[in-house]
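Following: one structure in structure tokens, then a few remarks.
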Amino acid sequence: MANEIEKNLHLKNICKSFGDVRAVDNISLTVPAGSFFTLLGPSGCGKTTLLRIIAGLELQDSGQVILGSEDISSLPATKRHINTVFQSYALFPHLSIFENVAFGLRARKFAENDIKKRVTPRLEMLGIESMCNRLPHQLSGGQKQRVALARALVNEPDVLLLDEPMSALDAKLRAQVQVELRSLQQKLGQTFILVTHDQEEALVVSDTIAVIRNGVIEQAGTPEEVYDHPTSKFVAEFLGAANLIEGEFVENRFHSTLGSFQLSTTPTWRSGTVAFRPEWTRIHESDPGGNSFRAKIREIIYRGTDFDIWFEPGPIRVRSNTYKHFKVGDQVWLDIAPTDLVVLDA
């Protein structure tokens with residue numbers, strides 16, 4: 001345990017500007033050793049800049065990067081026990097898979113015997129040992145990604161940085177590799193930090209998600225905490241789908257244009273917003289009482305395992321199992337449990 005604590009990564013008051021644009025705005029966070037930490041946000045939010053600062057590829061304007069007990073803020077990338085897997089994989093096209101993975105070890109003058117002892121187990125772990133003599137152009141996208149991972153892991157870094165490494169994969173392969181990546185991280189017990197704009201990816205792989213907007217962390221927590229209890233409109237809408245209702249909290253009830261609702265949490269505001277997820281909403285043919293309101297089906301989209309249904313007044317989006325059959329124009333009742341109405345701070 002002591003050794004793990006020593007390898008925690010601490011960012012303290014990190015700031016970085018490009019001209020008049022503040023890309024990273026006073027971010028502080030701790031990444032526990034051996035955890036899978038994800039920086040999630042839209043394009044241009046500052047997540048990749050923050051990753052590059054951790055890697056030593058970008059120098060912060062102010063603040064500290066501390067790995068364990070060592071301040072590495074001013075160390076060049078080559079001196080940090082940190083490796084990066086880039087979006088493009090950056091494999092050497094003229095080198096075999098084995099030599100691509102061994103490249104960093106050769107640069108550090110490792111003996112041939114030691115190189116083989118390090119490279120071979122990584123190739124075996126990632127299921128690409130049979131391809132060791134191939135060139136990168138002979139591999140699929142998923143295989144190239146495994147090579148890039150092996151090349152980073154063979155250096156035994158304290159922290160592995162992943163810069164949207166699955167963005168080039170098709171949807172089916174991407175889902176498969178997400179699970180494999182999570183399993184690999186747990187098997188190795190190493191610290192992984194992922195940058196992505198893919199919400200589902202973040203939910204699948206992460207121990208902790210930090211949602212970033214305009215260079216600032218909006219909310220950080222476990223996937224369950226951030227998804228089930230978003231604190232702002234941005235987080236509620238960016239991480240998954242959310243219905244937002246504006247209204248007033250008067251006499252212990254939330255009053256809106258859709259109706260009056262009981263909440264399980266008392267807001268700190270009189271006028272504000274509550275959110276609920278499409279899959280948390282139940283559809284009834286008659287009034288069930290409680291937190292229910294009348295709605296008319298405006299649009300239905302079939303997604304194979306379920307339907308996405310839009311209602312008016314709204315727009316309200318609900319996710320329903322396909323065994324329930326509805327049609328556009330149906331009048332139904334929507335019911336939301338008080339515990340599923342999340343009070344937003346902003």
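Convention: chains lettered A, B, ... in structure tokens order; per-chain residue numbering from 1; ligands numbered from 1 as shown.
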
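Non-sequential neighbours of region 260-265 of chain A (distance at most 8 Å, separation of 6 or more positions within a chain, only C-alpha atoms) are Asn252, Arg253, Phe254, Gly290, Asn291, Ser292, Pro338, Thr339, Leu341, Val342 and Val343 of chain A.
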
Quiz item: Got a sec: who's within 7 Å of region 316-319 of chain A, counting only C-alpha atoms, leaving out chain neighbours fewer than 3 positions off, as a VMD selection string?
Solution: chain A and resid 243 278 to 279 281 306 to 312

Quiz prompt | helix (DSSP H, G or I) call set, DSSP backbone run, region 70-235 of chain A, as a count of residues only | solution = 81

Quiz item: Which residues in region 9-75 of chain A does DSSP call strand (DSSP E)? List them as a ChimeraX atom specification.
Solution: /A:9-18,21-31,36-40,62-67,70-71

If you keep N, CA and C atoms, can you produce a file of those selected residues as a compact mmCIF listing (two decimals), in the first residue's frame?
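Saved file part.txt follows:
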```txt
# COMPACT_ATOMS: atom_id res chain seq x y z
N LEU A 9 -0.44 10.16 -8.77
CA LEU A 9 -0.13 11.31 -9.60
C LEU A 9 -0.96 12.50 -9.12
N HIS A 10 -0.28 13.59 -8.81
CA HIS A 10 -0.97 14.79 -8.33
C HIS A 10 -0.77 15.94 -9.32
N LEU A 11 -1.85 16.55 -9.73
CA LEU A 11 -1.79 17.80 -10.50
C LEU A 11 -2.25 18.92 -9.57
N LYS A 12 -1.42 19.96 -9.46
CA LYS A 12 -1.74 21.05 -8.54
C LYS A 12 -1.79 22.38 -9.29
N ASN A 13 -2.99 22.92 -9.38
CA ASN A 13 -3.22 24.27 -9.94
C ASN A 13 -2.58 24.44 -11.32
N ILE A 14 -2.84 23.48 -12.21
CA ILE A 14 -2.27 23.52 -13.55
C ILE A 14 -3.00 24.53 -14.42
N CYS A 15 -2.25 25.44 -15.03
CA CYS A 15 -2.80 26.43 -15.96
C CYS A 15 -2.00 26.40 -17.26
N LYS A 16 -2.71 26.55 -18.37
CA LYS A 16 -2.04 26.63 -19.66
C LYS A 16 -2.90 27.46 -20.62
N SER A 17 -2.27 28.47 -21.22
CA SER A 17 -2.95 29.32 -22.19
C SER A 17 -2.23 29.28 -23.53
N PHE A 18 -3.01 29.43 -24.60
CA PHE A 18 -2.47 29.61 -25.94
C PHE A 18 -2.99 30.95 -26.44
N VAL A 21 -6.50 32.24 -25.23
CA VAL A 21 -7.35 31.09 -24.88
C VAL A 21 -6.76 30.34 -23.69
N ARG A 22 -7.54 30.22 -22.61
CA ARG A 22 -7.11 29.46 -21.44
C ARG A 22 -7.55 28.00 -21.65
N ALA A 23 -6.61 27.15 -22.07
CA ALA A 23 -6.93 25.75 -22.38
C ALA A 23 -7.13 24.92 -21.12
N VAL A 24 -6.30 25.19 -20.11
CA VAL A 24 -6.42 24.49 -18.82
C VAL A 24 -6.45 25.58 -17.75
N ASP A 25 -7.50 25.57 -16.94
CA ASP A 25 -7.75 26.68 -16.02
C ASP A 25 -7.72 26.23 -14.56
N ASN A 26 -6.51 26.21 -13.99
CA ASN A 26 -6.32 25.96 -12.57
C ASN A 26 -6.87 24.59 -12.14
N ILE A 27 -6.48 23.55 -12.86
CA ILE A 27 -6.96 22.19 -12.55
C ILE A 27 -6.07 21.53 -11.51
N SER A 28 -6.72 20.98 -10.49
CA SER A 28 -6.04 20.16 -9.48
C SER A 28 -6.78 18.84 -9.37
N LEU A 29 -6.04 17.74 -9.35
CA LEU A 29 -6.66 16.43 -9.17
C LEU A 29 -5.60 15.42 -8.75
N THR A 30 -6.06 14.31 -8.20
CA THR A 30 -5.18 13.20 -7.82
C THR A 30 -5.64 11.94 -8.52
N VAL A 31 -4.70 11.27 -9.17
CA VAL A 31 -4.98 9.98 -9.82
C VAL A 31 -4.33 8.90 -8.96
N PHE A 36 -7.82 3.40 -13.16
CA PHE A 36 -8.11 3.79 -14.54
C PHE A 36 -8.88 5.11 -14.47
N PHE A 37 -8.22 6.18 -14.87
CA PHE A 37 -8.75 7.53 -14.74
C PHE A 37 -9.03 8.08 -16.14
N THR A 38 -10.20 8.65 -16.34
CA THR A 38 -10.57 9.15 -17.66
C THR A 38 -10.87 10.65 -17.63
N LEU A 39 -10.26 11.36 -18.58
CA LEU A 39 -10.56 12.78 -18.81
C LEU A 39 -11.55 12.83 -19.96
N LEU A 40 -12.78 13.21 -19.67
CA LEU A 40 -13.87 13.17 -20.64
C LEU A 40 -14.37 14.58 -20.93
N SER A 62 1.79 27.43 -15.24
CA SER A 62 1.97 27.42 -13.79
C SER A 62 1.38 26.13 -13.24
N GLY A 63 1.74 25.81 -12.01
CA GLY A 63 1.25 24.59 -11.38
C GLY A 63 2.31 23.50 -11.36
N GLN A 64 1.97 22.39 -10.71
CA GLN A 64 2.93 21.30 -10.51
C GLN A 64 2.35 19.96 -10.96
N VAL A 65 3.24 19.12 -11.49
CA VAL A 65 2.94 17.71 -11.77
C VAL A 65 3.83 16.89 -10.86
N ILE A 66 3.21 16.13 -9.96
CA ILE A 66 3.97 15.37 -8.97
C ILE A 66 3.62 13.90 -9.10
N LEU A 67 4.63 13.07 -9.31
CA LEU A 67 4.45 11.62 -9.40
C LEU A 67 5.09 10.99 -8.18
N GLU A 70 7.92 12.89 -6.20
CA GLU A 70 8.84 13.64 -7.07
C GLU A 70 8.09 14.68 -7.90
N ASP A 71 8.56 15.91 -7.85
CA ASP A 71 8.02 16.97 -8.69
C ASP A 71 8.65 16.84 -10.08
```

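Nearest residue to Lys172 (chain A), choosing from A:Asp207, A:Gly142, A:Ser271, A:Ala236 and counting only C-alpha atoms: A:Gly142.
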
Practice problem: For Gly44 (chain A), work out the shell of residues within 10 Å, counting only C-alpha atoms and skipping chain neighbours fewer than 6 positions away, then give it as a list of chain:residue names. | Solution: A:Ala23, A:Ile212, A:Arg213, A:Asn214, A:Gly215

Output N, CA and C atoms for every residue in that selection, as a PDB file, in the first residue's frame.
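In the end it all went to out.pdb:
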```
ATOM      1  N   ALA A  23      -6.615  27.155 -22.065  1.00  0.00           N
ATOM      2  CA  ALA A  23      -6.934  25.755 -22.380  1.00  0.00           C
ATOM      3  C   ALA A  23      -7.133  24.916 -21.121  1.00  0.00           C
ATOM      4  N   ILE A 212     -14.609  17.469 -18.220  1.00  0.00           N
ATOM      5  CA  ILE A 212     -13.942  18.757 -18.391  1.00  0.00           C
ATOM      6  C   ILE A 212     -14.717  19.618 -19.376  1.00  0.00           C
ATOM      7  N   ARG A 213     -14.815  20.892 -19.060  1.00  0.00           N
ATOM      8  CA  ARG A 213     -15.466  21.869 -19.932  1.00  0.00           C
ATOM      9  C   ARG A 213     -14.715  23.186 -19.839  1.00  0.00           C
ATOM     10  N   ASN A 214     -14.327  23.709 -20.990  1.00  0.00           N
ATOM     11  CA  ASN A 214     -13.635  25.002 -21.038  1.00  0.00           C
ATOM     12  C   ASN A 214     -12.448  25.069 -20.078  1.00  0.00           C
ATOM     13  N   GLY A 215     -11.666  23.972 -20.028  1.00  0.00           N
ATOM     14  CA  GLY A 215     -10.452  23.969 -19.220  1.00  0.00           C
ATOM     15  C   GLY A 215     -10.654  23.778 -17.736  1.00  0.00           C
TER      16      GLY A 215
END
```

Quiz item: Pick from A:Leu344, A:Leu57, A:Ile336, A:Val154: nearest to Trp269 (chain A), with only C-alpha atoms counted?
Solution: A:Leu344

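For region 79-96 of chain A, the non-local neighbours within 6 Å, defined as residues at least 2 positions apart in the same chain or in other chains and counting only C-alpha atoms, are Pro76, Ala77, Phe98, Glu99, Asn100, Asn133, Arg134, Leu135, Pro136, Ala148, Ala152, Pro157, Asp158, Val159, Leu160, Leu161, Leu162, Asp163, Glu164 and Pro165 of chain A.
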
Keeping N, CA and C atoms, export the residues of the selection given above as a PDB file, in the first residue's frame.
```pdb
ATOM      1  N   PRO A  76      11.786  16.767 -18.879  1.00  0.00           N
ATOM      2  CA  PRO A  76      11.364  16.456 -20.248  1.00  0.00           C
ATOM      3  C   PRO A  76      10.664  15.107 -20.302  1.00  0.00           C
ATOM      4  N   ALA A  77       9.926  14.866 -21.376  1.00  0.00           N
ATOM      5  CA  ALA A  77       9.157  13.629 -21.509  1.00  0.00           C
ATOM      6  C   ALA A  77      10.028  12.390 -21.367  1.00  0.00           C
ATOM      7  N   PHE A  98       7.742  -6.964 -33.609  1.00  0.00           N
ATOM      8  CA  PHE A  98       8.681  -7.165 -32.500  1.00  0.00           C
ATOM      9  C   PHE A  98       9.588  -5.954 -32.338  1.00  0.00           C
ATOM     10  N   GLU A  99      10.133  -5.452 -33.450  1.00  0.00           N
ATOM     11  CA  GLU A  99      11.071  -4.327 -33.375  1.00  0.00           C
ATOM     12  C   GLU A  99      10.373  -3.029 -33.004  1.00  0.00           C
ATOM     13  N   ASN A 100       9.113  -2.873 -33.395  1.00  0.00           N
ATOM     14  CA  ASN A 100       8.350  -1.711 -32.950  1.00  0.00           C
ATOM     15  C   ASN A 100       8.215  -1.698 -31.435  1.00  0.00           C
ATOM     16  N   ASN A 133       6.589 -10.970 -36.631  1.00  0.00           N
ATOM     17  CA  ASN A 133       7.432 -10.703 -37.801  1.00  0.00           C
ATOM     18  C   ASN A 133       6.726  -9.892 -38.888  1.00  0.00           C
ATOM     19  N   ARG A 134       5.467  -9.568 -38.671  1.00  0.00           N
ATOM     20  CA  ARG A 134       4.735  -8.782 -39.669  1.00  0.00           C
ATOM     21  C   ARG A 134       5.107  -7.305 -39.574  1.00  0.00           C
ATOM     22  N   LEU A 135       4.757  -6.565 -40.633  1.00  0.00           N
ATOM     23  CA  LEU A 135       4.897  -5.108 -40.640  1.00  0.00           C
ATOM     24  C   LEU A 135       3.556  -4.477 -40.297  1.00  0.00           C
ATOM     25  N   PRO A 136       3.548  -3.235 -39.813  1.00  0.00           N
ATOM     26  CA  PRO A 136       2.295  -2.599 -39.407  1.00  0.00           C
ATOM     27  C   PRO A 136       1.198  -2.579 -40.471  1.00  0.00           C
ATOM     28  N   ALA A 148       0.760  -0.850 -30.248  1.00  0.00           N
ATOM     29  CA  ALA A 148       1.069   0.430 -29.603  1.00  0.00           C
ATOM     30  C   ALA A 148       1.023   0.289 -28.085  1.00  0.00           C
ATOM     31  N   ALA A 152       4.275   0.615 -25.369  1.00  0.00           N
ATOM     32  CA  ALA A 152       4.273   1.495 -24.197  1.00  0.00           C
ATOM     33  C   ALA A 152       4.486   0.694 -22.914  1.00  0.00           C
ATOM     34  N   PRO A 157       6.094   1.717 -17.494  1.00  0.00           N
ATOM     35  CA  PRO A 157       5.896   3.068 -16.969  1.00  0.00           C
ATOM     36  C   PRO A 157       5.066   3.055 -15.691  1.00  0.00           C
ATOM     37  N   ASP A 158       5.251   4.079 -14.873  1.00  0.00           N
ATOM     38  CA  ASP A 158       4.391   4.235 -13.699  1.00  0.00           C
ATOM     39  C   ASP A 158       2.987   4.652 -14.123  1.00  0.00           C
ATOM     40  N   VAL A 159       2.913   5.410 -15.228  1.00  0.00           N
ATOM     41  CA  VAL A 159       1.624   5.898 -15.731  1.00  0.00           C
ATOM     42  C   VAL A 159       1.581   5.689 -17.244  1.00  0.00           C
ATOM     43  N   LEU A 160       0.466   5.142 -17.732  1.00  0.00           N
ATOM     44  CA  LEU A 160       0.256   4.988 -19.168  1.00  0.00           C
ATOM     45  C   LEU A 160      -0.842   5.950 -19.601  1.00  0.00           C
ATOM     46  N   LEU A 161      -0.519   6.823 -20.558  1.00  0.00           N
ATOM     47  CA  LEU A 161      -1.467   7.805 -21.074  1.00  0.00           C
ATOM     48  C   LEU A 161      -2.034   7.317 -22.403  1.00  0.00           C
ATOM     49  N   LEU A 162      -3.338   7.448 -22.568  1.00  0.00           N
ATOM     50  CA  LEU A 162      -4.027   6.963 -23.763  1.00  0.00           C
ATOM     51  C   LEU A 162      -4.792   8.126 -24.387  1.00  0.00           C
ATOM     52  N   ASP A 163      -4.315   8.591 -25.541  1.00  0.00           N
ATOM     53  CA  ASP A 163      -4.923   9.758 -26.204  1.00  0.00           C
ATOM     54  C   ASP A 163      -5.893   9.295 -27.293  1.00  0.00           C
ATOM     55  N   GLU A 164      -7.147   9.085 -26.895  1.00  0.00           N
ATOM     56  CA  GLU A 164      -8.204   8.627 -27.807  1.00  0.00           C
ATOM     57  C   GLU A 164      -7.728   7.472 -28.691  1.00  0.00           C
ATOM     58  N   PRO A 165      -7.200   6.400 -28.097  1.00  0.00           N
ATOM     59  CA  PRO A 165      -6.576   5.342 -28.893  1.00  0.00           C
ATOM     60  C   PRO A 165      -7.564   4.468 -29.658  1.00  0.00           C
TER      61      PRO A 165
END
```

Quiz prompt | Nearby residues (only C-alpha atoms) at most 9 Å from region 119-129 of chain A, same-chain spacing under 6 positions excluded, as a PyMOL selection string | solution = chain A and resi 97-98+101-102+143+146-147+149-151+153-154+184

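Considering the residues A:Thr48, A:Ser206, A:Asn8, A:Ser73 and counting only C-alpha atoms, Arg182 (chain A) has its shortest atom-to-atom contact with A:Ser206.
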
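Pairwise distance (CA of Lys187 (chain A), CA of Arg52 (chain A)) equals 25.7 Å.
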
Practice problem: Pick out the residues sitting within 6 Å of Gly221 (chain A), and hand them over as number ranges by chain; count only C-alpha atoms, and ignore anything fewer than 2 positions along from it in its own chain. | Solution: A: 208-209, 225-226

Self-check item: Selection near Thr273 (chain A), 8 Å with only C-alpha atoms, sequence-local residues under 4 positions removed, as number ranges by chain
Solution: A: 244-247, 343-346

Would you export the selected residues with C-alpha atoms as a JSON list (two decimals), in the first residue's frame, please?
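Heads up, here's the output in out.json:
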```json
[["chain", "number", "residue", "atom", "x", "y", "z"],
["A", 244, "LEU", "CA", -34.09, 18.72, -18.18],
["A", 245, "ILE", "CA", -37.11, 20.37, -16.56],
["A", 246, "GLU", "CA", -37.10, 23.93, -15.29],
["A", 247, "GLY", "CA", -39.43, 25.05, -12.54],
["A", 343, "VAL", "CA", -31.53, 18.27, -8.57],
["A", 344, "LEU", "CA", -28.89, 20.21, -10.53],
["A", 345, "ASP", "CA", -26.74, 22.89, -8.93],
["A", 346, "ALA", "CA", -26.20, 24.80, -12.16]]
```

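One finds CA of Asn155 (chain A) at 10.9 Å from CA of Phe110 (chain A).
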
Exercise. One decimal, Å: what's the distance from CA of Val328 (chain A) over to CA of Ile301 (chain A), could you say?
Key: 10.5 Å

Quiz item: A:Thr266, A:Ser183, A:Ser232, A:Ser74: which is nearest Glu248 (chain A), counting only C-alpha atoms?
Solution: A:Thr266
